[in-house]
Amino acid sequence: MRSYTIQSAISSNLHFRKSGEGPVVMLLHGFPSNGQLWEDTGNRLSSRFTVIIPDIPGSGSSTLDKEDVSLEDMAHALKEICVSAGIEKLVVVGHSMGGYISLAFHELFPDLVAGLSLVHSSASADNDEKKETRRKSIRLIENGGKRPFVEQMIPALFDEGFARENPGLVKRQIAEGMQLSERSMVAFYKAMINRPDRTSNLPGATIPVQWIIGESDKVIPVSTAMEQCQLASVNFVSVYQNTGHMSMLEKPDTLYGDLEKFIEHCF
Ligand code: MLT
């Protein structure tokens, strides 16, 4: 994959990877991660499609130049990538927080979007309990507790059996998570707390929506995803057994196949 850096309003160094040819798909990572998470899937997809993998502003090699950033600000930054790469239509695949951003992107730039794939993500806002949990985490991170926060959070993203059998992979994700600065962590958590509910956008959506759901996902429980996955008029729904929140690592072949089918359908 080749690396590119452009400027946007919130990121003077906005980094993305690009490879392949043909219809365009953008793979958005979640929290606390960076574009690296999607590299294996992206490499495989790039034999059939043009694949763009950004580091969301504040992650990986992308800077975040604004305090109090919103998910809409992030969506505007992604639009700058589309402009610089001459993209007029794309499928956006968003993992978790990346999915929240892709929903904001679709709301702001509907004409650009050919399909939306929500990988362990949701269109609803945080409830009060979730907001309070995030505020506690923000206090912990601001008081020097990034490591305990990451070391507790990351293993819980995986199916328990998978985490037990793949300790090296979980450790690698902890190391990736630790690369995210305290400032970015706090900014992302605040942006997620403030995001609006977008479930009401789904019934009117004229694009296909894909739902990848992990049976043992503790961040986006099956029940939450099931309530939403029939709201749009065309839904591709897959529920993975023995899978948590990280199917690109837990079930890479199955996820690749489902993404390929969905992207083909969208174009
Ligand atoms: C993510 O994976 O992006 C986050 O866990 C999402 C969240 O905290 O809601």
# chains A, B, ... in the order shown; residues from 1 in each chain; ligands from 1
>>> residues_near_ligand(ligand="ligand 1", cutoff="10 Å", atoms="only C-alpha atoms and all ligand atoms", output="PyMOL selection string")
chain A and resi 28-33+94-101+119-122+125-126+130-131+133-134+153-154+156-157+188-189+192-193+218-220+245-246
>>> select_by_dssp(residues="region 166-231 of chain A", states="strand (DSSP E or B)", output="PyMOL selection string")
chain A and resi 209-214
>>> select_by_dssp(residues="region 37-210 of chain A", states="helix (DSSP H, G or I)", output="NGL selection string")
:A and (37-45 or 71-85 or 97-108 or 110-112 or 128-142 or 146-153 or 155-157 or 160-165 or 167-179 or 182-193 or 199-201)
>>> closest_residue(among="A:Thr50, A:Gln179, A:Gln210, A:Ser216", to="Lys89 (chain A)", atoms="only C-alpha atoms")
A:Thr50
>>> atom_distance(atom1="CA of Ser137 (chain A)", atom2="CA of Met248 (chain A)")
25.5 Å
>>> residues_around(residues="Leu202 (chain A)", least_positions_apart="4", cutoff="9 Å", atoms="only C-alpha atoms", output="list of chain:residue names")
A:Ala123, A:Arg198, A:Thr206, A:Val209, A:Gln228, A:Gln230, A:Leu231, A:Ala232, A:Ser233
>>> write_last_selection(atoms="all heavy atoms", output="PDB file, in the first residue's frame")
ATOM      1  N   ALA A 123     -25.970   2.750  15.085  1.00  0.00           N
ATOM      2  CA  ALA A 123     -26.394   4.106  14.725  1.00  0.00           C
ATOM      3  C   ALA A 123     -26.951   4.856  15.928  1.00  0.00           C
ATOM      4  O   ALA A 123     -27.301   6.024  15.825  1.00  0.00           O
ATOM      5  CB  ALA A 123     -27.446   4.035  13.617  1.00  0.00           C
ATOM      6  N   ARG A 198     -28.448   8.324  15.209  1.00  0.00           N
ATOM      7  CA  ARG A 198     -28.676   8.420  13.756  1.00  0.00           C
ATOM      8  C   ARG A 198     -29.545   7.257  13.247  1.00  0.00           C
ATOM      9  O   ARG A 198     -29.606   7.014  12.045  1.00  0.00           O
ATOM     10  CB  ARG A 198     -27.340   8.456  12.994  1.00  0.00           C
ATOM     11  CG  ARG A 198     -26.582   9.753  13.198  1.00  0.00           C
ATOM     12  CD  ARG A 198     -25.495  10.017  12.160  1.00  0.00           C
ATOM     13  NE  ARG A 198     -25.174  11.426  12.098  1.00  0.00           N
ATOM     14  CZ  ARG A 198     -24.215  12.023  12.815  1.00  0.00           C
ATOM     15  NH1 ARG A 198     -23.483  11.330  13.661  1.00  0.00           N
ATOM     16  NH2 ARG A 198     -24.005  13.317  12.684  1.00  0.00           N
ATOM     17  N   THR A 206     -31.094   5.366   1.005  1.00  0.00           N
ATOM     18  CA  THR A 206     -31.312   4.756  -0.314  1.00  0.00           C
ATOM     19  C   THR A 206     -30.152   3.848  -0.703  1.00  0.00           C
ATOM     20  O   THR A 206     -30.055   3.393  -1.831  1.00  0.00           O
ATOM     21  CB  THR A 206     -31.465   5.858  -1.386  1.00  0.00           C
ATOM     22  OG1 THR A 206     -30.318   6.706  -1.286  1.00  0.00           O
ATOM     23  CG2 THR A 206     -32.728   6.673  -1.187  1.00  0.00           C
ATOM     24  N   VAL A 209     -27.068  -1.247   3.451  1.00  0.00           N
ATOM     25  CA  VAL A 209     -26.328  -1.161   4.715  1.00  0.00           C
ATOM     26  C   VAL A 209     -25.962  -2.580   5.158  1.00  0.00           C
ATOM     27  O   VAL A 209     -26.806  -3.480   5.134  1.00  0.00           O
ATOM     28  CB  VAL A 209     -27.164  -0.463   5.814  1.00  0.00           C
ATOM     29  CG1 VAL A 209     -26.360  -0.349   7.111  1.00  0.00           C
ATOM     30  CG2 VAL A 209     -27.616   0.925   5.356  1.00  0.00           C
ATOM     31  N   GLN A 228     -31.487  -2.621  15.027  1.00  0.00           N
ATOM     32  CA  GLN A 228     -31.273  -1.627  13.968  1.00  0.00           C
ATOM     33  C   GLN A 228     -31.132  -2.228  12.572  1.00  0.00           C
ATOM     34  O   GLN A 228     -31.301  -1.528  11.578  1.00  0.00           O
ATOM     35  CB  GLN A 228     -29.984  -0.842  14.259  1.00  0.00           C
ATOM     36  CG  GLN A 228     -30.014  -0.140  15.578  1.00  0.00           C
ATOM     37  CD  GLN A 228     -28.687   0.537  15.893  1.00  0.00           C
ATOM     38  OE1 GLN A 228     -27.895   0.826  15.014  1.00  0.00           O
ATOM     39  NE2 GLN A 228     -28.455   0.806  17.162  1.00  0.00           N
ATOM     40  N   GLN A 230     -32.716  -3.944  10.640  1.00  0.00           N
ATOM     41  CA  GLN A 230     -33.801  -4.088   9.662  1.00  0.00           C
ATOM     42  C   GLN A 230     -34.386  -2.729   9.315  1.00  0.00           C
ATOM     43  O   GLN A 230     -35.406  -2.651   8.642  1.00  0.00           O
ATOM     44  CB  GLN A 230     -34.891  -4.990  10.231  1.00  0.00           C
ATOM     45  CG  GLN A 230     -34.456  -6.448  10.255  1.00  0.00           C
ATOM     46  CD  GLN A 230     -35.175  -7.233  11.316  1.00  0.00           C
ATOM     47  OE1 GLN A 230     -36.317  -6.943  11.619  1.00  0.00           O
ATOM     48  NE2 GLN A 230     -34.502  -8.212  11.881  1.00  0.00           N
ATOM     49  N   LEU A 231     -33.758  -1.667   9.763  1.00  0.00           N
ATOM     50  CA  LEU A 231     -34.342  -0.335   9.571  1.00  0.00           C
ATOM     51  C   LEU A 231     -34.163   0.202   8.152  1.00  0.00           C
ATOM     52  O   LEU A 231     -35.047   0.851   7.606  1.00  0.00           O
ATOM     53  CB  LEU A 231     -33.731   0.662  10.570  1.00  0.00           C
ATOM     54  CG  LEU A 231     -34.083   0.435  12.044  1.00  0.00           C
ATOM     55  CD1 LEU A 231     -33.340   1.423  12.938  1.00  0.00           C
ATOM     56  CD2 LEU A 231     -35.590   0.584  12.262  1.00  0.00           C
ATOM     57  N   ALA A 232     -32.998  -0.045   7.556  1.00  0.00           N
ATOM     58  CA  ALA A 232     -32.783   0.427   6.173  1.00  0.00           C
ATOM     59  C   ALA A 232     -33.566  -0.483   5.225  1.00  0.00           C
ATOM     60  O   ALA A 232     -34.051  -1.544   5.627  1.00  0.00           O
ATOM     61  CB  ALA A 232     -31.292   0.398   5.854  1.00  0.00           C
ATOM     62  N   SER A 233     -33.711  -0.065   3.959  1.00  0.00           N
ATOM     63  CA  SER A 233     -34.521  -0.922   3.075  1.00  0.00           C
ATOM     64  C   SER A 233     -33.733  -2.108   2.533  1.00  0.00           C
ATOM     65  O   SER A 233     -34.299  -3.146   2.252  1.00  0.00           O
ATOM     66  CB  SER A 233     -35.185  -0.117   1.957  1.00  0.00           C
ATOM     67  OG  SER A 233     -34.308   0.838   1.475  1.00  0.00           O
TER      68      SER A 233
END
>>> residues_around(residues="Leu64 (chain A)", least_positions_apart="3", cutoff="10 Å", atoms="only C-alpha atoms", output="ChimeraX atom specification")
/A:8-14,56-59,61,67,69,74,183-184,187
>>> closest_residue(among="A:Arg164, A:Pro196, A:Leu37, A:Ser102", to="Leu118 (chain A)", atoms="only C-alpha atoms")
A:Ser102
